[in-house]
$ cat target-v9.cif   # mmCIF, C-alpha atoms and all ligand atoms
data_start
loop_
_atom_site.group_PDB
_atom_site.id
_atom_site.type_symbol
_atom_site.label_atom_id
_atom_site.label_comp_id
_atom_site.auth_asym_id
_atom_site.auth_seq_id
_atom_site.Cartn_x
_atom_site.Cartn_y
_atom_site.Cartn_z
ATOM 1 C CA THR R 1 44.553 113.165 107.617
ATOM 2 C CA THR R 2 41.341 111.855 109.068
ATOM 3 C CA SER R 3 38.080 111.102 107.274
ATOM 4 C CA ILE R 4 34.483 110.602 108.348
ATOM 5 C CA VAL R 5 34.018 106.840 108.696
ATOM 6 C CA ILE R 6 30.603 105.564 107.564
ATOM 7 C CA PRO R 7 30.272 102.147 109.298
ATOM 8 C CA ASP R 8 28.808 99.070 107.557
ATOM 9 C CA ASP R 9 25.730 99.205 109.833
ATOM 10 C CA TYR R 10 25.162 102.898 109.054
ATOM 11 C CA THR R 11 21.515 103.937 109.026
ATOM 12 C CA SER R 12 21.265 105.544 105.600
ATOM 13 C CA TYR R 13 18.429 107.864 104.547
ATOM 14 C CA SER R 14 15.157 107.059 102.799
ATOM 15 C CA LEU R 15 14.694 108.300 99.210
ATOM 16 C CA ASP R 16 11.439 109.811 100.504
ATOM 17 C CA ASP R 17 13.311 112.181 102.848
ATOM 18 C CA PHE R 18 15.215 113.989 100.083
ATOM 19 C CA CYS R 19 14.648 115.298 96.559
ATOM 20 C CA VAL R 20 15.574 112.495 94.144
ATOM 21 C CA PRO R 21 14.826 112.569 90.375
ATOM 22 C CA ALA R 22 11.693 110.525 89.547
ATOM 23 C CA HIS R 23 13.620 108.886 86.663
ATOM 24 C CA TYR R 24 16.008 107.228 89.140
ATOM 25 C CA TYR R 25 13.626 106.605 92.065
ATOM 26 C CA ASP R 26 13.135 102.882 91.310
ATOM 27 C CA ASP R 27 16.857 102.269 90.679
ATOM 28 C CA LEU R 28 18.202 103.358 94.076
ATOM 29 C CA LYS R 29 18.298 101.623 97.464
ATOM 30 C CA CYS R 30 18.877 104.674 99.715
ATOM 31 C CA VAL R 31 20.628 108.006 100.147
ATOM 32 C CA LEU R 32 24.075 107.465 101.708
ATOM 33 C CA LEU R 33 25.452 111.045 101.724
ATOM 34 C CA PRO R 34 23.041 113.964 101.153
ATOM 35 C CA LYS R 35 24.614 116.741 99.082
ATOM 36 C CA GLY R 36 24.371 119.230 101.969
ATOM 37 C CA LEU R 37 26.500 116.989 104.186
ATOM 38 C CA ILE R 38 28.989 116.552 101.347
ATOM 39 C CA LEU R 39 29.273 120.341 100.869
ATOM 40 C CA ASP R 40 29.917 120.919 104.570
ATOM 41 C CA ARG R 41 32.605 118.227 104.629
ATOM 42 C CA VAL R 42 34.186 119.631 101.430
ATOM 43 C CA GLN R 43 34.442 123.053 103.062
ATOM 44 C CA ARG R 44 36.491 121.555 105.924
ATOM 45 C CA LEU R 45 38.686 119.595 103.448
ATOM 46 C CA ALA R 46 39.398 122.901 101.687
ATOM 47 C CA GLU R 47 40.478 124.467 105.000
ATOM 48 C CA ASP R 48 42.745 121.497 105.763
ATOM 49 C CA ILE R 49 44.302 121.715 102.288
ATOM 50 C CA CYS R 50 44.806 125.509 102.500
ATOM 51 C CA HIS R 51 46.482 125.060 105.898
ATOM 52 C CA ASP R 52 49.076 122.742 104.304
ATOM 53 C CA ILE R 53 49.721 124.642 101.085
ATOM 54 C CA SER R 54 51.556 127.928 100.575
ATOM 55 C CA SER R 55 53.141 127.737 97.085
ATOM 56 C CA PRO R 56 51.298 127.982 93.726
ATOM 57 C CA LEU R 57 49.225 124.915 93.014
ATOM 58 C CA VAL R 58 47.920 123.075 89.954
ATOM 59 C CA ALA R 59 44.554 121.475 90.787
ATOM 60 C CA LEU R 60 44.121 118.463 88.480
ATOM 61 C CA CYS R 61 40.554 117.212 87.965
ATOM 62 C CA VAL R 62 40.207 113.507 87.165
ATOM 63 C CA LEU R 63 37.318 113.359 84.700
ATOM 64 C CA LYS R 64 34.611 112.409 84.485
ATOM 65 C CA GLY R 65 33.669 111.380 88.039
ATOM 66 C CA GLY R 66 35.774 114.000 89.808
ATOM 67 C CA TYR R 67 34.117 117.048 88.241
ATOM 68 C CA GLN R 68 31.522 117.803 90.957
ATOM 69 C CA PHE R 69 33.925 117.421 93.893
ATOM 70 C CA PHE R 70 36.506 119.451 91.925
ATOM 71 C CA THR R 71 34.016 122.291 91.384
ATOM 72 C CA ASP R 72 32.812 122.412 94.989
ATOM 73 C CA LEU R 73 36.289 121.989 96.511
ATOM 74 C CA LEU R 74 37.809 124.750 94.389
ATOM 75 C CA ASP R 75 34.902 127.076 95.215
ATOM 76 C CA CYS R 76 35.829 126.676 98.888
ATOM 77 C CA ILE R 77 39.576 127.096 98.254
ATOM 78 C CA LYS R 78 38.925 130.255 96.199
ATOM 79 C CA ASN R 79 36.780 131.679 99.010
ATOM 80 C CA HIS R 80 39.519 130.868 101.532
ATOM 81 C CA ASN R 81 42.138 132.567 99.331
ATOM 82 C CA ALA R 82 39.911 135.636 99.020
ATOM 83 C CA THR R 83 39.473 136.049 102.781
ATOM 84 C CA SER R 84 42.747 135.054 104.470
ATOM 85 C CA GLU R 85 46.116 136.847 104.776
ATOM 86 C CA LYS R 86 47.945 133.812 103.381
ATOM 87 C CA SER R 87 46.744 132.977 99.859
ATOM 88 C CA PHE R 88 48.218 130.983 96.981
ATOM 89 C CA GLN R 89 47.766 131.079 93.225
ATOM 90 C CA MET R 90 45.939 128.158 91.641
ATOM 91 C CA GLN R 91 45.890 126.851 88.086
ATOM 92 C CA VAL R 92 43.565 124.103 86.836
ATOM 93 C CA ASP R 93 44.060 121.144 84.535
ATOM 94 C CA PHE R 94 41.914 118.210 83.444
ATOM 95 C CA ILE R 95 42.684 114.602 82.628
ATOM 96 C CA LYS R 96 40.283 111.861 81.602
ATOM 97 C CA VAL R 97 40.759 108.394 83.100
ATOM 98 C CA LYS R 98 38.506 105.352 82.596
ATOM 99 C CA SER R 99 38.567 101.829 83.971
ATOM 100 C CA TYR R 100 35.007 100.846 84.975
ATOM 101 C CA MET R 101 32.357 98.807 83.162
ATOM 102 C CA ASN R 102 29.111 98.213 85.079
ATOM 103 C CA ASP R 103 30.112 98.063 88.761
ATOM 104 C CA GLN R 104 33.536 96.475 88.217
ATOM 105 C CA SER R 105 37.020 97.753 87.455
ATOM 106 C CA THR R 106 38.217 96.297 84.145
ATOM 107 C CA GLY R 107 41.728 96.349 85.645
ATOM 108 C CA VAL R 108 42.831 98.385 82.622
ATOM 109 C CA VAL R 109 43.294 102.076 83.459
ATOM 110 C CA ASN R 110 42.949 104.170 80.298
ATOM 111 C CA ILE R 111 44.505 107.621 80.724
ATOM 112 C CA MET R 112 43.509 110.179 78.061
ATOM 113 C CA GLY R 113 44.841 113.711 77.735
ATOM 114 C CA SER R 114 48.207 113.009 79.316
ATOM 115 C CA ASP R 115 49.994 114.832 76.464
ATOM 116 C CA ASN R 116 49.510 118.225 78.165
ATOM 117 C CA LEU R 117 50.953 117.036 81.502
ATOM 118 C CA ALA R 118 54.432 118.317 80.554
ATOM 119 C CA SER R 119 53.304 121.638 82.088
ATOM 120 C CA LEU R 120 53.280 119.930 85.536
ATOM 121 C CA LYS R 121 57.119 119.831 85.707
ATOM 122 C CA GLY R 122 58.362 121.469 88.929
ATOM 123 C CA LYS R 123 54.811 122.289 90.100
ATOM 124 C CA SER R 124 52.873 121.356 93.249
ATOM 125 C CA ILE R 125 49.930 119.238 92.117
ATOM 126 C CA LEU R 126 46.653 118.452 93.875
ATOM 127 C CA ILE R 127 44.901 115.536 92.158
ATOM 128 C CA VAL R 128 41.142 115.725 92.810
ATOM 129 C CA GLU R 129 39.177 112.438 92.568
ATOM 130 C CA ASP R 130 35.682 111.253 93.424
ATOM 131 C CA ILE R 131 36.493 107.814 94.833
ATOM 132 C CA ILE R 132 39.340 105.388 95.580
ATOM 133 C CA ASP R 133 37.997 101.817 95.317
ATOM 134 C CA THR R 134 40.583 99.190 94.217
ATOM 135 C CA GLY R 135 43.145 101.991 94.036
ATOM 136 C CA ASN R 136 44.186 100.885 90.494
ATOM 137 C CA THR R 137 43.303 104.230 88.913
ATOM 138 C CA MET R 138 45.252 106.339 91.401
ATOM 139 C CA VAL R 139 48.331 104.102 91.479
ATOM 140 C CA LYS R 140 48.499 104.155 87.651
ATOM 141 C CA LEU R 141 47.784 107.907 87.492
ATOM 142 C CA LEU R 142 50.488 108.728 90.063
ATOM 143 C CA GLU R 143 53.021 106.628 88.108
ATOM 144 C CA THR R 144 52.150 108.548 84.933
ATOM 145 C CA ILE R 145 52.228 112.001 86.561
ATOM 146 C CA LYS R 146 55.533 111.392 88.357
ATOM 147 C CA LYS R 147 57.207 110.857 84.965
ATOM 148 C CA PHE R 148 56.668 114.609 84.345
ATOM 149 C CA GLU R 149 58.776 115.437 87.445
ATOM 150 C CA PRO R 150 56.332 117.593 89.480
ATOM 151 C CA LYS R 151 57.681 119.230 92.664
ATOM 152 C CA GLN R 152 55.120 117.437 94.824
ATOM 153 C CA VAL R 153 51.873 115.537 94.325
ATOM 154 C CA MET R 154 48.976 115.366 96.815
ATOM 155 C CA VAL R 155 45.691 113.556 96.327
ATOM 156 C CA ALA R 156 42.237 114.553 97.593
ATOM 157 C CA SER R 157 39.431 112.001 97.166
ATOM 158 C CA LEU R 158 35.877 112.618 98.337
ATOM 159 C CA LEU R 159 35.324 108.904 98.990
ATOM 160 C CA LEU R 160 37.493 105.970 100.041
ATOM 161 C CA LYS R 161 35.794 102.554 99.852
ATOM 162 C CA ARG R 162 36.499 99.925 102.524
ATOM 163 C CA THR R 163 36.930 96.890 100.263
ATOM 164 C CA LYS R 164 39.003 93.708 100.200
ATOM 165 C CA ARG R 165 39.732 94.595 96.546
ATOM 166 C CA SER R 166 41.789 97.595 97.671
ATOM 167 C CA ASN R 167 45.521 97.683 96.831
ATOM 168 C CA GLY R 168 45.995 99.659 100.044
ATOM 169 C CA TYR R 169 46.418 103.102 98.447
ATOM 170 C CA ARG R 170 45.194 105.960 100.693
ATOM 171 C CA PRO R 171 44.953 109.599 99.567
ATOM 172 C CA ASN R 172 46.335 112.622 101.468
ATOM 173 C CA TYR R 173 42.818 114.023 102.000
ATOM 174 C CA THR R 174 39.606 111.946 102.258
ATOM 175 C CA GLY R 175 36.024 113.165 102.672
ATOM 176 C CA PHE R 176 34.301 109.951 103.744
ATOM 177 C CA GLU R 177 35.313 106.296 104.150
ATOM 178 C CA ILE R 178 32.334 104.255 102.945
ATOM 179 C CA PRO R 179 31.158 100.610 103.070
ATOM 180 C CA ASP R 180 31.780 98.209 100.149
ATOM 181 C CA ALA R 181 28.754 99.122 98.030
ATOM 182 C CA PHE R 182 28.489 100.631 94.540
ATOM 183 C CA VAL R 183 27.511 104.286 94.947
ATOM 184 C CA VAL R 184 26.209 106.749 92.350
ATOM 185 C CA GLY R 185 25.375 110.445 92.239
ATOM 186 C CA TYR R 186 27.399 113.647 92.788
ATOM 187 C CA ALA R 187 29.025 112.868 89.386
ATOM 188 C CA LEU R 188 29.685 109.209 90.211
ATOM 189 C CA ASP R 189 28.138 107.044 87.486
ATOM 190 C CA TYR R 190 27.039 103.547 86.564
ATOM 191 C CA ASN R 191 27.687 103.232 82.780
ATOM 192 C CA GLU R 192 27.282 107.031 82.460
ATOM 193 C CA TYR R 193 23.910 107.111 84.279
ATOM 194 C CA PHE R 194 23.238 108.818 87.666
ATOM 195 C CA ARG R 195 25.760 111.634 87.237
ATOM 196 C CA ASP R 196 22.655 113.895 87.189
ATOM 197 C CA LEU R 197 21.783 112.887 90.791
ATOM 198 C CA ASN R 198 22.735 115.315 93.596
ATOM 199 C CA HIS R 199 23.181 112.972 96.546
ATOM 200 C CA VAL R 200 25.547 109.990 96.883
ATOM 201 C CA CYS R 201 23.153 107.026 96.797
ATOM 202 C CA ILE R 202 23.448 103.235 96.686
ATOM 203 C CA ILE R 203 22.209 101.710 93.405
ATOM 204 C CA ASN R 204 19.834 98.723 93.658
ATOM 205 C CA GLU R 205 19.784 95.471 91.639
ATOM 206 C CA ARG R 206 16.989 96.802 89.408
ATOM 207 C CA GLY R 207 19.165 99.811 88.495
ATOM 208 C CA LYS R 208 22.181 97.567 87.809
ATOM 209 C CA LYS R 209 20.077 95.466 85.431
ATOM 210 C CA ARG R 210 18.276 98.376 83.760
ATOM 211 C CA TYR R 211 21.507 100.241 82.951
ATOM 212 C CA ALA R 212 23.835 97.232 82.453
ATOM 213 C CA ALA R 213 26.304 97.596 79.570
HETATM 214 O O1 LIG R 301 40.038 102.882 92.641
HETATM 215 P P1 LIG R 301 39.430 102.325 91.371
HETATM 216 O O2 LIG R 301 38.879 100.936 91.545
HETATM 217 O O3 LIG R 301 40.318 102.473 90.187
HETATM 218 O O4 LIG R 301 38.077 103.175 91.062
HETATM 219 C C1 LIG R 301 38.042 104.558 91.140
HETATM 220 C C2 LIG R 301 37.992 105.196 89.761
HETATM 221 O O5 LIG R 301 36.966 104.595 88.935
HETATM 222 C C3 LIG R 301 35.976 105.556 88.564
HETATM 223 O O6 LIG R 301 36.236 106.114 87.282
HETATM 224 P P2 LIG R 301 35.577 105.435 85.944
HETATM 225 O O7 LIG R 301 36.499 104.412 85.399
HETATM 226 O O8 LIG R 301 34.169 104.982 86.296
HETATM 227 O O9 LIG R 301 35.485 106.653 84.933
HETATM 228 P P3 LIG R 301 34.610 108.006 85.185
HETATM 229 O O10 LIG R 301 35.386 108.837 86.214
HETATM 230 O O11 LIG R 301 34.532 108.649 83.850
HETATM 231 O O12 LIG R 301 33.258 107.575 85.734
HETATM 232 C C4 LIG R 301 36.109 106.655 89.612
HETATM 233 O O13 LIG R 301 35.678 107.909 89.098
HETATM 234 C C5 LIG R 301 37.596 106.677 89.896
HETATM 235 O O14 LIG R 301 38.265 107.418 88.915
HETATM 236 O O1 LIG R 302 31.147 102.845 93.973
HETATM 237 C C1 LIG R 302 31.491 103.388 92.796
HETATM 238 N N1 LIG R 302 30.613 104.143 92.096
HETATM 239 C C2 LIG R 302 30.940 104.690 90.914
HETATM 240 N N2 LIG R 302 32.146 104.533 90.356
HETATM 241 C C3 LIG R 302 33.044 103.779 91.033
HETATM 242 C C4 LIG R 302 32.769 103.196 92.253
HETATM 243 N N3 LIG R 302 33.854 102.508 92.677
HETATM 244 N N4 LIG R 302 34.833 102.644 91.766
HETATM 245 C C5 LIG R 302 34.428 103.420 90.678
HETATM 246 MG MG MG R 303 36.904 108.278 87.473
HETATM 247 MG MG MG R 304 32.491 105.861 86.342
#

$ encode --input "target-v9.cif" --output "structure tokens" --more "lines below"
Ligand SMILES: O=P(O)(O)OC[C@H]1O[C@H](OP(=O)(O)OP(=O)(O)O)[C@H](O)[C@@H]1O
Ligand SMILES: Oc1ncnc2c1N=NC2
Ligand SMILES: [Mg+2]
Ligand SMILES: [Mg+2]
Amino acid sequence: TTSIVIPDDYTSYSLDDFCVPAHYYDDLKCVLLPKGLILDRVQRLAEDICHDISSPLVALCVLKGGYQFFTDLLDCIKNHNATSEKSFQMQVDFIKVKSYMNDQSTGVVNIMGSDNLASLKGKSILIVEDIIDTGNTMVKLLETIKKFEPKQVMVASLLLKRTKRSNGYRPNYTGFEIPDAFVVGYALDYNEYFRDLNHVCIINERGKKRYAA
């Protein structure tokens, strides 16, 4: 499906035009995606997903970064299911996956909590992620999940980064395609910082130094 393409020459927003925590003000360059815009886009993604799905679904949250998108997306899906003739049952599951240090992928994708994935056998799965950057995490995660013989697997990612480091993987549903910059906020982190920031922002060099591992 389509996504909203944020071009490289996109005029982002000033930190002074939105509410940004004082403790991060000096560490950010700009606001790329205000939370309100994200929520409106997520509502449309939920409609697109509900249009395609009719059988019971397991929504699988990829922790930690996926938790905010997962929460907001499922709120919209639940509201759709409560107001339309066609509804489908949904179960939730959580898996923790880690591969980043500072602003780089280590190349090693560490999947934790995969022991309880046996319950995915024969089910329709929707993997919910915050961002696809190199694509390493998703390719490795899909390999692992497919071993449990699910009926079908779809992937929804809020962000897809346009980067030469990409392995070419593209999800079934994408919120926004963004330029090749390290973004934080809306549960996306830099060494565990900035998850407590509402908007998707671009970190600045000062922030990368201050919170370097
Ligand atoms: O496409 P890739 O280059 O693999 O990058 C995307 C993945 O990396 C980040 O997770 P991270 O390793 O930072 O763990 P976290 O979700 O706990 O922040 C992000 O949340 C995605 O899961
Ligand atoms: O831009 C990013 N911001 C936070 N986390 C990640 C990013 N890309 N891959 C993982
Ligand atoms: Mg992650
Ligand atoms: Mg992270």

$ residues_near_ligand --input "target-v9.cif" --ligand "ligand LIG 301 (chain R)" --cutoff "9 Å" --atoms "only C-alpha atoms and all ligand atoms" --output "ChimeraX atom specification"
/R:62-67,96-110,129-140,160-161,165-167,169,187-192,195

$ residues_around --input "target-v9.cif" --residues "segment 14-30 of chain R" --least-positions-apart "6" --cutoff "7 Å" --atoms "all atoms listed in the file" --output "MDAnalysis selection string"
chainID R and resid 197 201:204 206:207

$ closest_residue --input "target-v9.cif" --among "R:Ile4, R:Val183, R:Ala156, R:Val58" --to "Leu37 of chain R" --atoms "all atoms listed in the file"
R:Ile4

$ closest_residue --input "target-v9.cif" --among "R:Ala82, R:Val92, R:Ile178, R:Leu126" --to "Leu159 of chain R" --atoms "all atoms listed in the file"
R:Ile178

$ closest_residue --input "target-v9.cif" --among "R:Ala212, R:Ile38, R:Leu33, R:Met90" --to "Cys50 of chain R" --atoms "only C-alpha atoms"
R:Met90

$ resolve_selection --input "target-v9.cif" --expression "the PyMOL selection byres (((chain R and resi 94) around 6) and not hetatm)" --output "ChimeraX atom specification"
/R:60-61,93,95

$ resolve_selection --input "target-v9.cif" --expression "the PyMOL selection byres (((chain R and resi 145) around 12) and not hetatm)" --output "VMD selection string"
chain R and resid 60 95 111 113 to 127 138 to 144 146 to 155

$ write_last_selection --input "target-v9.cif" --atoms "C-alpha atoms" --output "PDB file, keeping the file's coordinate frame"
ATOM      1  CA  LEU R  60      44.121 118.463  88.480  1.00  0.00           C
ATOM      2  CA  ILE R  95      42.684 114.602  82.628  1.00  0.00           C
ATOM      3  CA  ILE R 111      44.505 107.621  80.724  1.00  0.00           C
ATOM      4  CA  GLY R 113      44.841 113.711  77.735  1.00  0.00           C
ATOM      5  CA  SER R 114      48.207 113.009  79.316  1.00  0.00           C
ATOM      6  CA  ASP R 115      49.994 114.832  76.464  1.00  0.00           C
ATOM      7  CA  ASN R 116      49.510 118.225  78.165  1.00  0.00           C
ATOM      8  CA  LEU R 117      50.953 117.036  81.502  1.00  0.00           C
ATOM      9  CA  ALA R 118      54.432 118.317  80.554  1.00  0.00           C
ATOM     10  CA  SER R 119      53.304 121.638  82.088  1.00  0.00           C
ATOM     11  CA  LEU R 120      53.280 119.930  85.536  1.00  0.00           C
ATOM     12  CA  LYS R 121      57.119 119.831  85.707  1.00  0.00           C
ATOM     13  CA  GLY R 122      58.362 121.469  88.929  1.00  0.00           C
ATOM     14  CA  LYS R 123      54.811 122.289  90.100  1.00  0.00           C
ATOM     15  CA  SER R 124      52.873 121.356  93.249  1.00  0.00           C
ATOM     16  CA  ILE R 125      49.930 119.238  92.117  1.00  0.00           C
ATOM     17  CA  LEU R 126      46.653 118.452  93.875  1.00  0.00           C
ATOM     18  CA  ILE R 127      44.901 115.536  92.158  1.00  0.00           C
ATOM     19  CA  MET R 138      45.252 106.339  91.401  1.00  0.00           C
ATOM     20  CA  VAL R 139      48.331 104.102  91.479  1.00  0.00           C
ATOM     21  CA  LYS R 140      48.499 104.155  87.651  1.00  0.00           C
ATOM     22  CA  LEU R 141      47.784 107.907  87.492  1.00  0.00           C
ATOM     23  CA  LEU R 142      50.488 108.728  90.063  1.00  0.00           C
ATOM     24  CA  GLU R 143      53.021 106.628  88.108  1.00  0.00           C
ATOM     25  CA  THR R 144      52.150 108.548  84.933  1.00  0.00           C
ATOM     26  CA  LYS R 146      55.533 111.392  88.357  1.00  0.00           C
ATOM     27  CA  LYS R 147      57.207 110.857  84.965  1.00  0.00           C
ATOM     28  CA  PHE R 148      56.668 114.609  84.345  1.00  0.00           C
ATOM     29  CA  GLU R 149      58.776 115.437  87.445  1.00  0.00           C
ATOM     30  CA  PRO R 150      56.332 117.593  89.480  1.00  0.00           C
ATOM     31  CA  LYS R 151      57.681 119.230  92.664  1.00  0.00           C
ATOM     32  CA  GLN R 152      55.120 117.437  94.824  1.00  0.00           C
ATOM     33  CA  VAL R 153      51.873 115.537  94.325  1.00  0.00           C
ATOM     34  CA  MET R 154      48.976 115.366  96.815  1.00  0.00           C
ATOM     35  CA  VAL R 155      45.691 113.556  96.327  1.00  0.00           C
TER      36      VAL R 155
END
